[in-house]
Structures are given as C-alpha cells and as structure tokens.
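J.: Contents are compact mmCIF, C-alpha atoms; file name work.txt:
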```txt
# COMPACT_ATOMS: atom_id res chain seq x y z
CA MET I 1 -19.34 -5.59 20.46
CA LEU I 2 -15.89 -6.97 19.66
CA LEU I 3 -13.67 -8.10 22.53
CA PHE I 4 -9.90 -8.13 22.16
CA LYS I 5 -7.26 -9.83 24.29
CA SER I 6 -4.53 -7.25 23.70
CA GLU I 7 -3.80 -3.88 22.16
CA SER I 8 -2.02 -5.53 19.25
CA SER I 9 -5.11 -7.61 18.42
CA ILE I 10 -7.15 -4.40 18.27
CA LEU I 11 -4.66 -2.92 15.85
CA ASP I 12 -4.60 -6.15 13.82
CA TYR I 13 -8.36 -5.80 13.48
CA ALA I 14 -8.11 -2.09 12.65
CA PHE I 15 -5.44 -2.72 10.03
CA THR I 16 -7.73 -5.05 8.13
CA SER I 17 -10.99 -3.20 8.75
CA ILE I 18 -13.03 -2.03 5.81
CA SER I 19 -12.89 1.66 6.71
CA CYS I 20 -9.72 3.72 6.67
CA SER I 21 -11.34 6.12 9.12
CA LYS I 22 -11.84 3.32 11.69
CA PHE I 23 -8.12 2.55 11.63
CA SER I 24 -7.36 6.22 12.03
CA LYS I 25 -9.54 6.48 15.14
CA VAL I 26 -8.01 3.37 16.73
CA ALA I 27 -4.47 4.49 15.96
CA TYR I 28 -5.23 7.94 17.37
CA ALA I 29 -6.65 6.41 20.55
CA PHE I 30 -3.47 4.38 21.06
CA GLU I 31 -1.24 7.37 20.40
CA ASN I 32 -3.13 9.19 23.16
CA ARG I 33 -2.37 6.26 25.49
CA GLY I 34 1.36 6.60 24.85
CA ILE I 35 1.77 4.02 22.10
CA LYS I 36 3.56 5.93 19.34
CA LYS I 37 4.06 3.31 16.66
CA TYR I 38 2.44 0.02 15.81
CA ASN I 39 4.96 -2.58 14.73
CA HIS I 40 3.18 -5.49 13.10
CA HIS I 41 5.38 -8.59 13.28
CA VAL I 42 4.27 -12.04 12.31
CA LYS I 43 5.80 -15.18 13.78
CA GLY I 44 8.58 -16.48 11.61
CA ALA I 45 9.27 -13.14 9.92
CA ALA I 46 12.74 -12.93 11.45
CA GLY I 47 13.84 -16.04 9.54
CA MET I 48 12.60 -14.74 6.20
CA LYS I 49 15.22 -13.75 3.63
CA ASN I 50 15.40 -10.03 2.92
CA LYS I 51 13.27 -9.04 -0.06
CA THR I 52 13.25 -5.92 -2.18
CA ILE I 53 9.69 -5.24 -3.29
CA LEU I 54 8.96 -2.81 -6.10
CA PHE I 55 5.41 -1.49 -6.23
CA LEU I 56 4.69 -0.30 -9.75
CA SER I 57 1.67 1.59 -11.09
CA PRO I 58 0.98 3.74 -14.14
CA PHE I 59 0.88 7.12 -12.37
CA ASN I 60 2.67 6.33 -9.09
CA HIS I 61 -0.38 7.06 -6.90
CA LEU I 62 -1.34 3.44 -6.33
CA SER I 63 2.24 2.30 -5.86
CA MET I 64 2.99 5.04 -3.33
CA MET I 65 -0.11 4.08 -1.36
CA ALA I 66 0.97 0.42 -1.38
CA GLU I 67 4.47 1.41 -0.30
CA GLY I 68 2.95 3.41 2.56
CA TRP I 69 1.02 0.37 3.80
CA ALA I 70 4.08 -1.88 3.44
CA VAL I 71 6.19 0.54 5.46
CA LYS I 72 3.43 0.67 8.09
CA LEU I 73 3.87 -3.08 8.63
CA ASN I 74 7.48 -2.36 9.61
CA GLU I 75 8.55 -5.73 8.24
CA PRO I 76 12.31 -5.88 8.92
CA SER I 77 12.99 -8.20 5.98
CA TRP I 78 11.37 -5.90 3.41
CA LYS I 79 12.92 -3.06 1.45
CA VAL I 80 10.09 -1.36 -0.41
CA ILE I 81 10.05 1.22 -3.16
CA SER I 82 7.41 2.56 -5.51
CA ALA I 83 7.63 3.76 -9.09
CA ALA I 84 5.50 4.86 -12.02
CA CYS I 85 5.74 3.38 -15.49
CA LYS I 86 4.12 6.44 -17.11
CA ASN I 87 4.04 9.69 -15.16
CA ALA I 88 5.70 10.11 -11.79
CA ASP I 89 3.81 13.04 -10.35
CA HIS I 90 2.20 14.18 -7.13
CA ASP I 91 -1.55 14.17 -6.39
CA ALA I 92 -3.12 15.46 -3.16
CA LEU I 93 -6.04 12.98 -3.04
CA PRO I 94 -4.06 9.78 -2.36
CA VAL I 95 -2.02 11.70 0.21
CA LYS I 96 -5.24 12.73 1.98
CA ALA I 97 -6.65 9.20 1.83
CA MET I 98 -3.51 7.80 3.44
CA LYS I 99 -3.49 10.55 6.08
CA GLU I 100 -6.88 9.24 7.20
CA VAL I 101 -5.05 6.09 8.35
CA ASN I 102 -2.08 7.98 9.82
CA ILE I 103 0.27 7.13 6.96
CA ASP I 104 2.21 10.05 5.53
CA ILE I 105 3.18 9.66 1.89
CA GLU I 106 3.33 13.38 1.20
CA SER I 107 7.11 13.53 1.61
CA LYS I 108 7.68 10.56 -0.71
CA THR I 109 9.38 11.44 -3.94
CA PRO I 110 7.63 9.99 -7.00
CA HIS I 111 10.01 7.78 -9.01
CA SER I 112 9.82 6.84 -12.67
CA LEU I 113 10.51 3.25 -13.62
CA LYS I 114 14.17 2.63 -14.41
CA PRO I 115 15.88 -0.64 -15.35
CA GLN I 116 17.97 -0.41 -12.17
CA LEU I 117 14.82 -0.55 -10.01
CA MET I 118 13.66 -3.64 -11.89
CA ASN I 119 17.06 -5.31 -11.52
CA GLU I 120 17.21 -4.66 -7.77
CA ALA I 121 13.71 -5.98 -7.08
CA ASP I 122 13.09 -9.54 -5.92
CA ILE I 123 9.36 -9.06 -6.39
CA VAL I 124 7.51 -6.60 -8.61
CA VAL I 125 3.93 -5.83 -7.67
CA ALA I 126 2.18 -4.29 -10.68
CA ILE I 127 -0.87 -2.38 -9.46
CA TYR I 128 -3.18 -1.30 -12.23
CA ASP I 129 -6.74 -1.28 -13.48
CA PHE I 130 -6.85 -4.26 -15.85
CA GLN I 131 -9.65 -2.61 -17.89
CA ARG I 132 -8.18 0.89 -18.30
CA ASP I 133 -4.42 0.83 -17.70
CA SER I 134 -1.56 -0.88 -19.45
CA MET I 135 1.73 -1.95 -17.93
CA PRO I 136 5.09 -1.99 -19.70
CA ALA I 137 6.01 -5.06 -21.69
CA LEU I 138 9.27 -5.37 -19.77
CA LEU I 139 7.30 -6.96 -16.94
CA ASP I 140 6.69 -9.99 -19.14
CA LYS I 141 10.42 -10.28 -19.80
CA SER I 142 11.44 -9.81 -16.17
CA ASP I 143 13.32 -12.50 -14.25
CA GLN I 144 11.70 -11.34 -11.04
CA LYS I 145 8.48 -12.65 -9.66
CA VAL I 146 5.72 -10.34 -10.92
CA LEU I 147 2.42 -10.10 -9.08
CA ARG I 148 -0.44 -8.29 -10.78
CA TRP I 149 -3.10 -6.60 -8.66
CA ASN I 150 -6.28 -5.44 -10.38
CA ILE I 151 -7.08 -2.24 -8.49
CA SER I 152 -9.43 0.41 -9.83
CA ASN I 153 -7.41 3.49 -10.76
CA PRO I 154 -9.08 6.65 -9.42
CA VAL I 155 -7.36 8.89 -11.99
CA HIS I 156 -9.93 7.65 -14.52
CA TYR I 157 -12.84 9.22 -12.60
CA ASP I 158 -13.96 12.59 -13.98
CA HIS I 159 -15.68 14.06 -10.92
CA LEU I 160 -13.61 15.04 -7.91
CA THR I 161 -16.04 13.46 -5.42
CA ASP I 162 -15.95 10.16 -7.31
CA ARG I 163 -12.14 10.21 -7.41
CA TRP I 164 -11.97 10.95 -3.67
CA ALA I 165 -14.33 8.06 -2.86
CA ALA I 166 -12.32 5.78 -5.16
CA TYR I 167 -9.05 6.68 -3.41
CA GLN I 168 -10.61 5.84 -0.04
CA GLU I 169 -11.72 2.45 -1.37
CA VAL I 170 -8.31 1.82 -2.90
CA CYS I 171 -6.69 2.65 0.43
CA ASP I 172 -8.73 -0.10 2.11
CA GLU I 173 -8.14 -2.58 -0.70
CA LEU I 174 -4.38 -2.03 -0.67
CA ALA I 175 -4.23 -2.55 3.10
CA ILE I 176 -5.75 -5.99 2.65
CA LYS I 177 -3.53 -6.82 -0.35
CA ILE I 178 -0.37 -5.85 1.57
CA GLN I 179 -1.33 -8.11 4.47
CA GLU I 180 -1.98 -10.97 2.02
CA LEU I 181 1.44 -10.33 0.46
CA GLN I 182 3.05 -10.51 3.87
CA LYS I 183 1.43 -13.89 4.50
CA GLN I 184 2.62 -15.16 1.09
CA LEU I 185 6.21 -14.16 1.78
CA ILE I 186 6.48 -15.78 5.19
```
Once more with this new file: its structure as structure tokens, please.

T.:
Amino acid sequence: MLLFKSESSILDYAFTSISCSKFSKVAYAFENRGIKKYNHHVKGAAGMKNKTILFLSPFNHLSMMAEGWAVKLNEPSWKVISAACKNADHDALPVKAMKEVNIDIESKTPHSLKPQLMNEADIVVAIYDFQRDSMPALLDKSDQKVLRWNISNPVHYDHLTDRWAAYQEVCDELAIKIQELQKQLI
C-alpha cells in the first residue's frame, strides 16, 4: 500500500501512473471531496520565461492529446497549441481516452499547420510514429527548438479494438512525456 503525505502527492503519483483509469478514479475522488481542479506547480516555475509550445502531429490526434495534458499541468509560463501537418480532423477515440483522465479535448478545434504557428512557437514538439509517419521538412529549417517524440500512431491500426487500446497507451505515454518536458523547461 502506498502512503502519501498530502493530497497533492497523491495527484502527483496519479498523474504519472501507468493507467489512465487510475488517474481518473483519483481525480474523481478528490472532486467528491471538494477539490475541483488540480494545479500542478513545480518550484521555480514562476521564474521561468514564458514559452509558446506547439505540439505537432500528422493527424492532430496526438498533438491535441499532448495539448490536453499540458493544459492539465496549468503551467502559468506555458502557452500551448496543437496542430496537424496533414489532416486536421476530429476523431472520437482520442477524445474518449482523454475523458478517462478527466481531460476534455472534445471542444478543441483541430488546427492545420500554418507558418504563423511555427513563427510564434518557442518550442515545437513533433509527435509522430518514426516508422510510419513523416513530418514536414520545414521542421528541419526551423529556428525554433524542435523536439521529436516517437509515439505510436493509433490511426495506423486497422481494428477498432486495437486502435482504442493504442489510444489508451498513448494517453499514458504522453502524460509522462509532458511531465518530462516540464522538468526540462524549468
């Protein structure tokens, strides 16, 4: 059995847990105790320069999920946006996967990649499956810092059950990657 010193340490654990459903249950329990929102602040974050972070993926699903996790951190020095370099469309499966962790991305409007988004970004996080997806060449010519995350892209799975399981795994993986990004930027 895990013992925690405070409610925030429980949520820290839940945020990085392997299962999205575990985080959902912990967050739900805290909401029932009157805690409406979990603000995750790390020491020293207040002194960090404001950063615009562009999450970019081929079909927008992965980038919208990453944006959802970044918003969940409620990092005051971050402005986050997501975009697609191919098709900016809507898919119900990533929305459902994020709902399992109490993050609503359903109302997010999918954006296509535009030069203005690239110019405004301090950091571009390219999220794609290194084996199956390609990213635009303009990333190589960008003046911004470009991070590349190799994340399996569930759109490549043929069977609905496989795609659903892949989105759940991606949800967990992105949660960890976003926390690692936060540590890098502090």

J.: Do you have the atom CA of Pro58 of chain I-atom CA of Arg132 of chain I distance handy?

T.: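 A separation of 10.5 Å between them.
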
J.: What is the atom CA of Lys86 of chain I-atom CA of Ala126 of chain I distance in Å, reported with one decimal?

T.: 12.7 Å

J.: Find the residue from I:Leu160, I:Ala97, I:Val155, I:Ile105 that sits nearest to Asp172 of chain I; use only C-alpha atoms when measuring.

T.: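 Checking each candidate against Asp172 of chain I, we get I:Ala97 as the closest.
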
J.: Just checking: using only C-alpha atoms, which residue out of I:Ile178, I:Lys183, I:Ile123, I:Asn150 ends up closest to Ala66 of chain I?

T.: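 Using only C-alpha atoms, the shortest distance to Ala66 of chain I belongs to I:Ile178.
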
J.: Identify which of the residues I:Lys51, I:His90, I:Lys108, I:Lys72 lies closest to Val124 of chain I, counting all atoms listed in the file when measuring atom-to-atom distances.

T.: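 Going through I:Lys51, I:His90, I:Lys108, I:Lys72 one by one, the smallest distance to Val124 of chain I is for I:Lys51.
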
J.: Using all atoms listed in the file, can you tell me which of I:Glu173, I:Ser152, I:Ala83, I:Met98 comes closest to Pro115 of chain I?

T.: I:Ala83

J.: Counting all atoms listed in the file, figure out which residue out of I:Met135, I:Leu113, I:Ala92, I:Ala175 gets nearest to Ala70 of chain I.

T.: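 Checking each candidate against Ala70 of chain I, we get I:Ala175 as the closest.
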
J.: Could you please determine the separation between atom CA of Glu75 of chain I and atom CA of Asp104 of chain I in Å, to one decimal place?

T.: 17.2 Å
